[in-house]
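Notes follow the structure.
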Amino acid sequence: MDNIINKNSKVSDIGDNYAEKYGFHDPEKYFHKSPRGINHEVVEMISRMKKEDDWMRDFRHKALDTFLSKPMPKWGNTELLNSIDFDNIFYYIKPTEFQSRNWDDVPADIKNTFDKLGIPEAERKFLAGVTAQYESEVVYHSFKEDLEKQGIIFLDMDSGLREHPEIVKKYFGTLIPPSDNKFAALNSAVWSGGSFIYVPPGVDVKIPLQAYFRINAENMGQFERTLIIADKGSRVHYIEGCTAPIYTSHSLHSAVVELIALEGAYIRYTTVQNWSHNIFNLVTKRAMAHKNATVEWVDGNIGSKFTMKFPCVYLVGEGAKGEILSIAFAGNGQHQDTGAKVIHAAPNTSSRITSKSISKAGGRASYRGLVKVFPNAENSKVSVECDALLIDGASRSDTYPTMEIDAENVRIEHEARVSKVAEEQIFYLTSRGLSEDEARLLIINGFIEPFTKELPMEYAVELNRLIELEMEGSIG
Amino acid sequence: METIVSENRAINFRAIDKFEPDWLYKIRKTNWQAYNQLPLPDRAQHLWRYSKPEQFLSANIDALMNTLPVLPKHINGNGRPVSDEYAAIGYNPDDKTTLTKMSEELKQKKIIFKDLYLATRENEDLVSKYLGRLINHNSGKFEAFNMALWNGGYFLYLPDNAVIEKPILLNRHAGGLYAISRLLVIVGNNAQVTLIDDYSGPYRETSGNSNGVVEIFGGESSQIRYVNIQRQADNCISYITQRAEIGKGASIYSIFGAVGGATTKVNAGTILNGRGAESRMYGIVFGNESQHFDYHTMHHHKESESQSNINFKVVLKNKATSSYTGLIRIEKETANCEAYQENRNLLLNKGTRAESIPELEILTDQVRCTHGATMGPIDQNMLFYLKSRGVSHDEAVKIVISGFVEPTIAQMPGELQNLMRGLIMNKLEGAQL
Amino acid sequence: MSDNNIVFAMHDIHVEVEGKEVVKGLSLEIKRGEKHAIMGPNGSGKSSLVNALAGHPNYVITKGEAYINGKNLLEMDATARARSGLFLAFQYPMAIPGVTVANFLRSAVKAKHNGDDSALKDFRKELMDKFQLLEIDKTFATRYLNDGFSGGEKKRIEILQMAMLKPLVALLDETDSGLDIDALRIVSNGINASAPSDGGVLLVTHYQRILNYVKPDYVHVMMHGRLVRSGGSELAFQLEEKGYDWIENEVFQIAEV
C-alpha cells in the first residue's frame, strides 16, 4: 500500500503506460512463419516440424475436425466471439531455431524484450525456473540444477512430450478433451509451447516456477499447452505472466491448462494476465484434486480486449480442497468474462471462490460461476463471494453464478455485492490529507487486497502498479 | 380461417366466434404463427436448463380450438357469493366458463372486473391498448401459445384514486384439457388493490395442464399486492409468466407461495419504470415427493431511485427439486437504485436437489446492489437450542421450518396466511426428519 | 445416587470436541439449594463442559457419569435432558428467524408438560410478569427469537426462558459477558428470583463481578479441562485480585513437587 502512495505522490512522473512499457514490438525475423488460416495442412506442418509421434499427430487432426464442426458458443459475449476471423490468424510462428538455456544465446531483439519485461531479473531474484515463450515456441528455458536432481521435471511442453511421452500420454487431454469446447479443440489441433511439470512424491518445490508468454507478431495466435502433475504429497507453485504489443487488429491467445494433484498434493497456479487491448484471450483451465489434495487458482486479469476464462477444479477425492481467487479489471473497450467452476464429486470436499472485479470507463466485468455438488459429495462446504466495484456510470458489472446441489448435509453460501467507491470513504481519506485520486486508489487497493496478498511480493507490487496505470487519468 | 402445418398435422386456426373483434383475431393469429415458427427452447438456453420444454406442449391442439372463450351465460350467476372477506371473486368451474362477482361498492367506484373475453368487446379501448403489451410472442414460444389460444381470464381496471380495501380472489382451476388463461390488471394513479391469484384443482380425474399469463400495469403512486398461490393437485403441469410494470412512486409486493403441482415453471418480473418505484418479491416453495419447481424472478430498474428486494425461500423434502434464477438488471443513466436479493434453500434429506442462480447485470455505478444465496440442511445448532428447551426433535424441525417460511407468509393477506401455514404443515406431517 | 439431597452429580467427565479432549476428568456434586460457580480462563473447557452436559451433538462425553435428580443424564438426548429439568443458558444463543419469542416459549412450556395444553392456561400473564422481572419491553414477545437482538437482550431472553421453564438445574454459560452494569444487575436479579430453590445452579464465568449479585456457595477453578481448586466465594475475590496465573503457578508447582 505504501508503494502506491509513494508512487502516486509523483503521478506526473509516471509517464509510462502500456504502450511504452509493454506495447512495443520487435521487427519480425522468424525462423518459420506459417501462412494465415487454419486447415489440416497447417496442422500437419506443425506436427512435422515438431517431429511428433503419430498419436499426437492424429490427436491434432481429430481435434481440428472437432474444432471445425463445433459451433461458436451461444452464450457469453457472442458478438465478440463471432467477430473472430479464424482465417486471418497466424497459427504457428517459430521465432528461433533452438531453445536457449542462457539469456546470452537468445537473439538480441527477443532478449531485449524480456529484459524490458524484467524476466531475467525476476529469475535471478526469486524463481526456481523460468520458461519464456515468444509466439509459438519457448525461446528460453532454465531450471535450477538442484531441483532437477530431486527428480522434478520442468520443461516446455514440446520437450516434455519428447522426453517423457509415458507421463504425457497418461494425462494429456484427459481433463480437457478437444471436444470440451471450440477453443480447447483449436488449441488441441495447433498447440505449441507451454509448460510441462512433474513433481515426484513428497517433493516440495519451495520457490515458484514461472512461465512468461509474449506475443509479438500482429494477428498471431498463441496456443500454449500446460500440464502440471503433482505426485502424492508434493507441492508446487507455478506463475504465468503475459503481455503483447498493441496492434489495431486482433490476436488470439487460446491456452489449455491441465493440473493434476494426486493424493495429498498441493498446486497453486498464479496468473497475471496483462495482454494488450487487442488480444482475445479464450482460455480453458481445469484441475483435478484427488484425496486430500489442494488446488488453488489465483487469477488476475488486467489486460486483453476480451477474456473468457473460468478456472475449474474437480474435487474427486475425499477431503480435497479447491480455491479460486480472481480479480478482473475491465477498462475502456474491455470485457472480462471470468469466473470459476468447482465440481464436488467426493465426500468432505470444500471449496472457496472469491471474485473481485473493477469496471471503469465503459468496461464490462462479468462473473460466471458454477458450483456443482454431486450426490456422493456429502458434508461438503462451498463458499462463494463476488464483489464488484464500478468506478463510473458508463461501466457494467454482471454476476451469473450457478449453484447445483444434489447431496446431503452440504453447506453453500454465496454472496455478491456491487457498489461504487463510497463517497464517505473518500471523504474520510481526503480529510486526512490524501488527494481524491490517492483516496480512490487506496480504496481500490484495499478492495483487491485479498488477491494481492496471495501473490509473491514482486507480483503484488507489479499488479498494484498496473492498476494504478489503468486508473490514471480515468478519475475526474 | 388459417391452416398451419404443425408437427406434421394440419391445424385450423380460427376466430373465437363471429363477434370476435378484428384486432384481437389479428394478435392471436400473429401469436399462433409465432408459436408454430418458434423452435422449442434449447435446453442449453439460460432459463431452460432445469425443465424439459416438451412437457408444456399440448398434445391435442385441434381440441383446444373448441375451448376458445365463449361468452359467459350468467355473468353474475351461480358462482359463490362475494363473502365478507373479499371485495370480488372470479371463478372458473371449467375451461369454458368464467364467472365474476363484485360488490356494489366497487361498481360505484367505476371499477371494472369481468371476464377478459367480455372485456375485449365491452372495454375495447382499454383492453386493446394493454393486452399483450408486456407478454407476447416476443417473450417466448409458450407465451405466444397463451396469446393465440387463451380460453379464460379476467380483466380488472381501477380508475385513478380507486382504493379496494379487501382482496380480490381469483380461482384458477386447472382442469379439462388445457387451462390457458390471462389476467390483465390496470391500476390507475394512486389506486390500491390486493389480488389473490389462486391456482388449484383439478376437480376432475384428468391431469391438468395450465398456461397462465399475468400482466399488471401500475400507475403513478399506485399500490398493488399480487399473491400467486400454486396448490394444484400433484398431476398438474403449469407454466406461468407474470410481468408488472409500475410507474413513478408506485409500489408492488408480489408474493409466490408454491406447494402444489407436479412441475411448475414460473417467470415473474417487475419493471420499475418510474422514479422511486418499489418492488418487493417474496417466495416460498415447499416441495415434497417428486415435485419440481422452476422459478425465475426479474427486477428491471429503468428509472432512478427505484428499489427492489427479493426474498425467495425453498424447502425440499423426499425427491423434490427446485431451481431458482433471479435476475437484477439496472440500466445505464439511472442513479441511486437499490436492489437486494436473497435466496435460501433448506434441504431436508438426501435425494432432494436445488439450484440457485442469482444474477446481476449492473450498467451504472450509482447503485447499491447485493445478493446472497445459501443452501444446506437445517442448522444443527438451531435444533440443539430448541431441544435444550425440551422440544422434541421432530417438533424442533417443524419450528425451524415454520420460522423459515413465516416472514413470507406474514406478507400475505389475512385468511390466506392460515391457508398457507396449513398447506405447509400438511406436507411436514409424517415426514421422516 | 441414594442421597436424595444431591440434585446434580457428575463423576470423571471427559469431553471431546472434533476428536480433541477438552474436558479431562471432572467431578462435581450440587446439593439442593446450592449455587456453584466454575471460573476459569478462556479455553479452559468451561463452555465445552456445559454444552456437553446439555447434549450438544458436537461435544461428545467419552467417559464419566452424570445424574440429574438421580436420573442418568447421559442416557438421554438433549430434549429428554431438558424435560428432566436441565436448563442451559447459552453463551451465544441461536437466532431462530420467523419464530416469535412467545410462540417459541409456548411450544417449550407445552413440551415440558408432555403436550398438555392446560399448562398454557396462565401462560400469557406469566410471560408478562417475567418480562417485567427482566425489564424487557413487551414488544419482544412478538419479535423473532434472538433475531437481531443485542448481546444484552439475548442474555435477558435466556434468563426469561429459565424463569418460564422453571428448571431443576440451571447451567449458566457466561451469562454475564457482554452486559453493562445495569443489565448485569437486572439479569442477576432475574437469576436470583427464578433460580430453583430445591434445585441447583452451576454458573460458568470468566469474571468475578456477577458473583457480587449471584452469591455462590462454592467456587471452583477450571484449567486445562480440570477443576484445579475449590473453595468458598472468597476464592473468587482472590482470583480477581491475583489473576489466573497465580493458580496456574501454584498448581504447576504442586505438580513439580
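In the C-alpha cells, chains take letters A, B, ... by order of appearance, with residues numbered from 1 within each chain and ligands from 1 in the order shown.
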
* Distance-based interface of chain B with chain A, 10 Å, counting only C-alpha atoms, as a PyMOL selection string -> chain B and resi 44-46+321-335+339-379

Tell me as a PDB file with N, CA and C atoms, in the first residue's frame which residues belonging to chain B come within 7 Å of chain C, counting only C-alpha atoms.
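File written: out_16.pdb
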ATOM      1  N   MET B 382     -29.290 -24.786  15.714  1.00  0.00           N
ATOM      2  CA  MET B 382     -30.657 -24.326  15.979  1.00  0.00           C
ATOM      3  C   MET B 382     -31.463 -25.444  16.629  1.00  0.00           C
ATOM      4  N   PHE B 384     -30.406 -27.965  18.296  1.00  0.00           N
ATOM      5  CA  PHE B 384     -29.942 -28.227  19.654  1.00  0.00           C
ATOM      6  C   PHE B 384     -30.502 -27.190  20.623  1.00  0.00           C
ATOM      7  N   TYR B 385     -30.495 -25.944  20.178  1.00  0.00           N
ATOM      8  CA  TYR B 385     -31.012 -24.872  21.038  1.00  0.00           C
ATOM      9  C   TYR B 385     -32.461 -25.160  21.429  1.00  0.00           C
ATOM     10  N   LYS B 387     -34.035 -28.106  21.267  1.00  0.00           N
ATOM     11  CA  LYS B 387     -34.144 -29.341  22.041  1.00  0.00           C
ATOM     12  C   LYS B 387     -33.701 -29.127  23.480  1.00  0.00           C
ATOM     13  N   SER B 388     -32.744 -28.226  23.679  1.00  0.00           N
ATOM     14  CA  SER B 388     -32.279 -27.969  25.044  1.00  0.00           C
ATOM     15  C   SER B 388     -33.364 -27.286  25.871  1.00  0.00           C
ATOM     16  N   ARG B 389     -34.449 -26.880  25.196  1.00  0.00           N
ATOM     17  CA  ARG B 389     -35.577 -26.308  25.927  1.00  0.00           C
ATOM     18  C   ARG B 389     -36.695 -27.339  26.087  1.00  0.00           C
ATOM     19  N   GLY B 390     -36.397 -28.585  25.749  1.00  0.00           N
ATOM     20  CA  GLY B 390     -37.348 -29.660  25.988  1.00  0.00           C
ATOM     21  C   GLY B 390     -38.232 -30.010  24.805  1.00  0.00           C
ATOM     22  N   VAL B 391     -38.000 -29.346  23.659  1.00  0.00           N
ATOM     23  CA  VAL B 391     -38.814 -29.616  22.480  1.00  0.00           C
ATOM     24  C   VAL B 391     -38.270 -30.878  21.792  1.00  0.00           C
ATOM     25  N   SER B 392     -39.152 -31.745  21.290  1.00  0.00           N
ATOM     26  CA  SER B 392     -38.678 -32.977  20.650  1.00  0.00           C
ATOM     27  C   SER B 392     -38.013 -32.656  19.313  1.00  0.00           C
ATOM     28  N   VAL B 400     -38.351 -24.809  13.273  1.00  0.00           N
ATOM     29  CA  VAL B 400     -37.364 -24.119  12.439  1.00  0.00           C
ATOM     30  C   VAL B 400     -37.935 -23.854  11.042  1.00  0.00           C
ATOM     31  N   GLY B 403     -40.543 -21.185  11.116  1.00  0.00           N
ATOM     32  CA  GLY B 403     -39.861 -19.901  11.256  1.00  0.00           C
ATOM     33  C   GLY B 403     -39.250 -19.462   9.942  1.00  0.00           C
ATOM     34  N   PHE B 404     -38.751 -20.437   9.199  1.00  0.00           N
ATOM     35  CA  PHE B 404     -38.127 -20.162   7.904  1.00  0.00           C
ATOM     36  C   PHE B 404     -39.138 -19.547   6.931  1.00  0.00           C
ATOM     37  N   VAL B 405     -40.360 -20.074   6.930  1.00  0.00           N
ATOM     38  CA  VAL B 405     -41.351 -19.596   5.956  1.00  0.00           C
ATOM     39  C   VAL B 405     -42.224 -18.460   6.499  1.00  0.00           C
ATOM     40  N   GLU B 406     -42.241 -18.292   7.819  1.00  0.00           N
ATOM     41  CA  GLU B 406     -43.199 -17.369   8.428  1.00  0.00           C
ATOM     42  C   GLU B 406     -43.087 -15.917   7.939  1.00  0.00           C
ATOM     43  N   PRO B 407     -41.877 -15.369   7.834  1.00  0.00           N
ATOM     44  CA  PRO B 407     -41.804 -13.958   7.409  1.00  0.00           C
ATOM     45  C   PRO B 407     -42.440 -13.739   6.037  1.00  0.00           C
TER      46      PRO B 407
END

Show me, as a PDB file with C-alpha atoms, in the first residue's frame, the residues that have an atom within 8 Å of Gly319 in chain A when counting only C-alpha atoms, minus same-chain residues fewer than 6 positions from it.
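Everything below was put into result_35.pdb:
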ATOM      1  CA  LYS A 291      -7.840 -37.378  -1.992  1.00  0.00           C
ATOM      2  CA  ASN A 292      -6.801 -34.616   0.444  1.00  0.00           C
ATOM      3  CA  ALA A 293      -5.170 -32.677  -2.381  1.00  0.00           C
ATOM      4  CA  ALA A 346     -16.389 -36.798  -3.249  1.00  0.00           C
ATOM      5  CA  PRO A 347     -17.362 -36.513   0.424  1.00  0.00           C
ATOM      6  CA  ASN A 348     -15.919 -33.902   2.792  1.00  0.00           C
ATOM      7  CA  THR A 349     -14.624 -31.725  -0.007  1.00  0.00           C
ATOM      8  CA  SER A 350     -14.508 -27.982   0.326  1.00  0.00           C
TER       9      SER A 350
END

* **Every residue of range 10-252 of chain C that DSSP places in strand (DSSP E), as a count of residues only** => 71

Which residues are near Val127 in chain B? Cut-off 12 Å, only C-alpha atoms, ignore same chain within fewer than 4 positions. Put them as a PDB file with N, CA and C atoms, in the first residue's frame.
ATOM      1  N   PRO B  21     -63.550  -9.274 -32.046  1.00  0.00           N
ATOM      2  CA  PRO B  21     -63.020  -8.040 -32.641  1.00  0.00           C
ATOM      3  C   PRO B  21     -61.837  -8.366 -33.558  1.00  0.00           C
ATOM      4  N   TRP B  23     -59.082  -6.728 -34.177  1.00  0.00           N
ATOM      5  CA  TRP B  23     -57.739  -6.527 -33.604  1.00  0.00           C
ATOM      6  C   TRP B  23     -57.319  -7.735 -32.787  1.00  0.00           C
ATOM      7  N   LEU B  24     -58.265  -8.349 -32.094  1.00  0.00           N
ATOM      8  CA  LEU B  24     -57.938  -9.489 -31.254  1.00  0.00           C
ATOM      9  C   LEU B  24     -57.557 -10.687 -32.121  1.00  0.00           C
ATOM     10  N   ILE B 112     -63.823  -1.834 -12.903  1.00  0.00           N
ATOM     11  CA  ILE B 112     -64.290  -2.864 -13.836  1.00  0.00           C
ATOM     12  C   ILE B 112     -63.629  -4.174 -13.465  1.00  0.00           C
ATOM     13  N   LYS B 114     -64.225  -8.170 -14.774  1.00  0.00           N
ATOM     14  CA  LYS B 114     -65.072  -9.068 -15.540  1.00  0.00           C
ATOM     15  C   LYS B 114     -64.237 -10.083 -16.303  1.00  0.00           C
ATOM     16  N   ASP B 115     -64.943 -10.971 -16.931  1.00  0.00           N
ATOM     17  CA  ASP B 115     -64.349 -11.953 -17.816  1.00  0.00           C
ATOM     18  C   ASP B 115     -63.551 -11.201 -18.900  1.00  0.00           C
ATOM     19  N   LEU B 116     -62.337 -11.660 -19.162  1.00  0.00           N
ATOM     20  CA  LEU B 116     -61.471 -10.929 -20.091  1.00  0.00           C
ATOM     21  C   LEU B 116     -62.050 -10.886 -21.510  1.00  0.00           C
ATOM     22  N   TYR B 117     -62.703 -11.988 -21.898  1.00  0.00           N
ATOM     23  CA  TYR B 117     -63.215 -12.002 -23.267  1.00  0.00           C
ATOM     24  C   TYR B 117     -64.365 -11.003 -23.447  1.00  0.00           C
ATOM     25  N   LEU B 118     -65.171 -10.947 -22.424  1.00  0.00           N
ATOM     26  CA  LEU B 118     -66.253  -9.969 -22.446  1.00  0.00           C
ATOM     27  C   LEU B 118     -65.670  -8.550 -22.537  1.00  0.00           C
ATOM     28  N   ALA B 119     -64.580  -8.359 -21.803  1.00  0.00           N
ATOM     29  CA  ALA B 119     -63.946  -7.035 -21.789  1.00  0.00           C
ATOM     30  C   ALA B 119     -63.379  -6.659 -23.147  1.00  0.00           C
ATOM     31  N   THR B 120     -62.942  -7.646 -23.927  1.00  0.00           N
ATOM     32  CA  THR B 120     -62.395  -7.312 -25.250  1.00  0.00           C
ATOM     33  C   THR B 120     -63.461  -6.642 -26.117  1.00  0.00           C
ATOM     34  N   ARG B 121     -64.758  -6.889 -25.817  1.00  0.00           N
ATOM     35  CA  ARG B 121     -65.820  -6.214 -26.571  1.00  0.00           C
ATOM     36  C   ARG B 121     -66.335  -4.992 -25.848  1.00  0.00           C
ATOM     37  N   GLU B 122     -66.553  -5.163 -24.520  1.00  0.00           N
ATOM     38  CA  GLU B 122     -67.211  -4.081 -23.789  1.00  0.00           C
ATOM     39  C   GLU B 122     -66.254  -2.964 -23.399  1.00  0.00           C
ATOM     40  N   ASN B 123     -64.955  -3.308 -23.276  1.00  0.00           N
ATOM     41  CA  ASN B 123     -63.976  -2.297 -22.888  1.00  0.00           C
ATOM     42  C   ASN B 123     -62.829  -2.309 -23.897  1.00  0.00           C
ATOM     43  N   LEU B 131     -53.503  -5.238 -23.715  1.00  0.00           N
ATOM     44  CA  LEU B 131     -53.376  -6.699 -23.795  1.00  0.00           C
ATOM     45  C   LEU B 131     -52.127  -7.089 -24.583  1.00  0.00           C
ATOM     46  N   GLY B 132     -51.286  -7.867 -23.971  1.00  0.00           N
ATOM     47  CA  GLY B 132     -50.093  -8.365 -24.664  1.00  0.00           C
ATOM     48  C   GLY B 132     -48.938  -7.383 -24.724  1.00  0.00           C
ATOM     49  N   ARG B 133     -49.072  -6.242 -24.020  1.00  0.00           N
ATOM     50  CA  ARG B 133     -48.011  -5.256 -24.105  1.00  0.00           C
ATOM     51  C   ARG B 133     -46.752  -5.723 -23.361  1.00  0.00           C
ATOM     52  N   TYR B 154     -59.379 -12.906 -16.727  1.00  0.00           N
ATOM     53  CA  TYR B 154     -60.058 -11.826 -16.031  1.00  0.00           C
ATOM     54  C   TYR B 154     -59.479 -10.488 -16.439  1.00  0.00           C
ATOM     55  N   PHE B 155     -60.311  -9.500 -16.339  1.00  0.00           N
ATOM     56  CA  PHE B 155     -59.874  -8.132 -16.580  1.00  0.00           C
ATOM     57  C   PHE B 155     -60.235  -7.298 -15.363  1.00  0.00           C
ATOM     58  N   LEU B 156     -59.263  -6.575 -14.858  1.00  0.00           N
ATOM     59  CA  LEU B 156     -59.524  -5.713 -13.706  1.00  0.00           C
ATOM     60  C   LEU B 156     -59.012  -4.321 -14.022  1.00  0.00           C
ATOM     61  N   TYR B 157     -59.852  -3.335 -13.794  1.00  0.00           N
ATOM     62  CA  TYR B 157     -59.450  -1.952 -14.045  1.00  0.00           C
ATOM     63  C   TYR B 157     -59.842  -1.085 -12.858  1.00  0.00           C
ATOM     64  N   ARG B 182     -55.481 -15.742 -19.044  1.00  0.00           N
ATOM     65  CA  ARG B 182     -54.760 -14.466 -18.975  1.00  0.00           C
ATOM     66  C   ARG B 182     -55.420 -13.581 -17.940  1.00  0.00           C
ATOM     67  N   LEU B 183     -54.571 -12.815 -17.282  1.00  0.00           N
ATOM     68  CA  LEU B 183     -55.077 -11.840 -16.335  1.00  0.00           C
ATOM     69  C   LEU B 183     -54.511 -10.487 -16.747  1.00  0.00           C
ATOM     70  N   LEU B 184     -55.399  -9.529 -16.934  1.00  0.00           N
ATOM     71  CA  LEU B 184     -54.960  -8.187 -17.310  1.00  0.00           C
ATOM     72  C   LEU B 184     -55.443  -7.216 -16.238  1.00  0.00           C
ATOM     73  N   VAL B 185     -54.494  -6.536 -15.609  1.00  0.00           N
ATOM     74  CA  VAL B 185     -54.827  -5.656 -14.492  1.00  0.00           C
ATOM     75  C   VAL B 185     -54.287  -4.263 -14.784  1.00  0.00           C
ATOM     76  N   ILE B 186     -55.160  -3.291 -14.750  1.00  0.00           N
ATOM     77  CA  ILE B 186     -54.725  -1.903 -14.957  1.00  0.00           C
ATOM     78  C   ILE B 186     -55.113  -1.118 -13.711  1.00  0.00           C
ATOM     79  N   GLU B 215     -50.547  -9.863 -16.660  1.00  0.00           N
ATOM     80  CA  GLU B 215     -49.972  -8.557 -16.991  1.00  0.00           C
ATOM     81  C   GLU B 215     -50.574  -7.522 -16.047  1.00  0.00           C
ATOM     82  N   PHE B 217     -50.374  -3.434 -14.825  1.00  0.00           N
ATOM     83  CA  PHE B 217     -49.865  -2.085 -15.069  1.00  0.00           C
ATOM     84  C   PHE B 217     -50.205  -1.224 -13.865  1.00  0.00           C
TER      85      PHE B 217
END

* All residues 6 Å or closer to Ser351 in chain A, only C-alpha atoms, same chain fewer than 5 positions away omitted, as number ranges by chain -> A: 321-323, 382

Just write the chosen residues, N, CA and C atoms, as a PDB file, in the first residue's frame.
ATOM      1  N   LYS A 321      -9.563 -30.106  -1.618  1.00  0.00           N
ATOM      2  CA  LYS A 321      -9.923 -28.693  -1.464  1.00  0.00           C
ATOM      3  C   LYS A 321      -9.649 -27.935  -2.761  1.00  0.00           C
ATOM      4  N   GLY A 322     -10.484 -26.986  -3.063  1.00  0.00           N
ATOM      5  CA  GLY A 322     -10.249 -26.148  -4.228  1.00  0.00           C
ATOM      6  C   GLY A 322     -10.469 -24.701  -3.854  1.00  0.00           C
ATOM      7  N   GLU A 323      -9.607 -23.856  -4.351  1.00  0.00           N
ATOM      8  CA  GLU A 323      -9.805 -22.426  -4.090  1.00  0.00           C
ATOM      9  C   GLU A 323      -9.549 -21.646  -5.369  1.00  0.00           C
ATOM     10  N   VAL A 382     -19.131 -25.125   0.600  1.00  0.00           N
ATOM     11  CA  VAL A 382     -18.859 -24.236  -0.521  1.00  0.00           C
ATOM     12  C   VAL A 382     -19.052 -22.804  -0.045  1.00  0.00           C
TER      13      VAL A 382
END
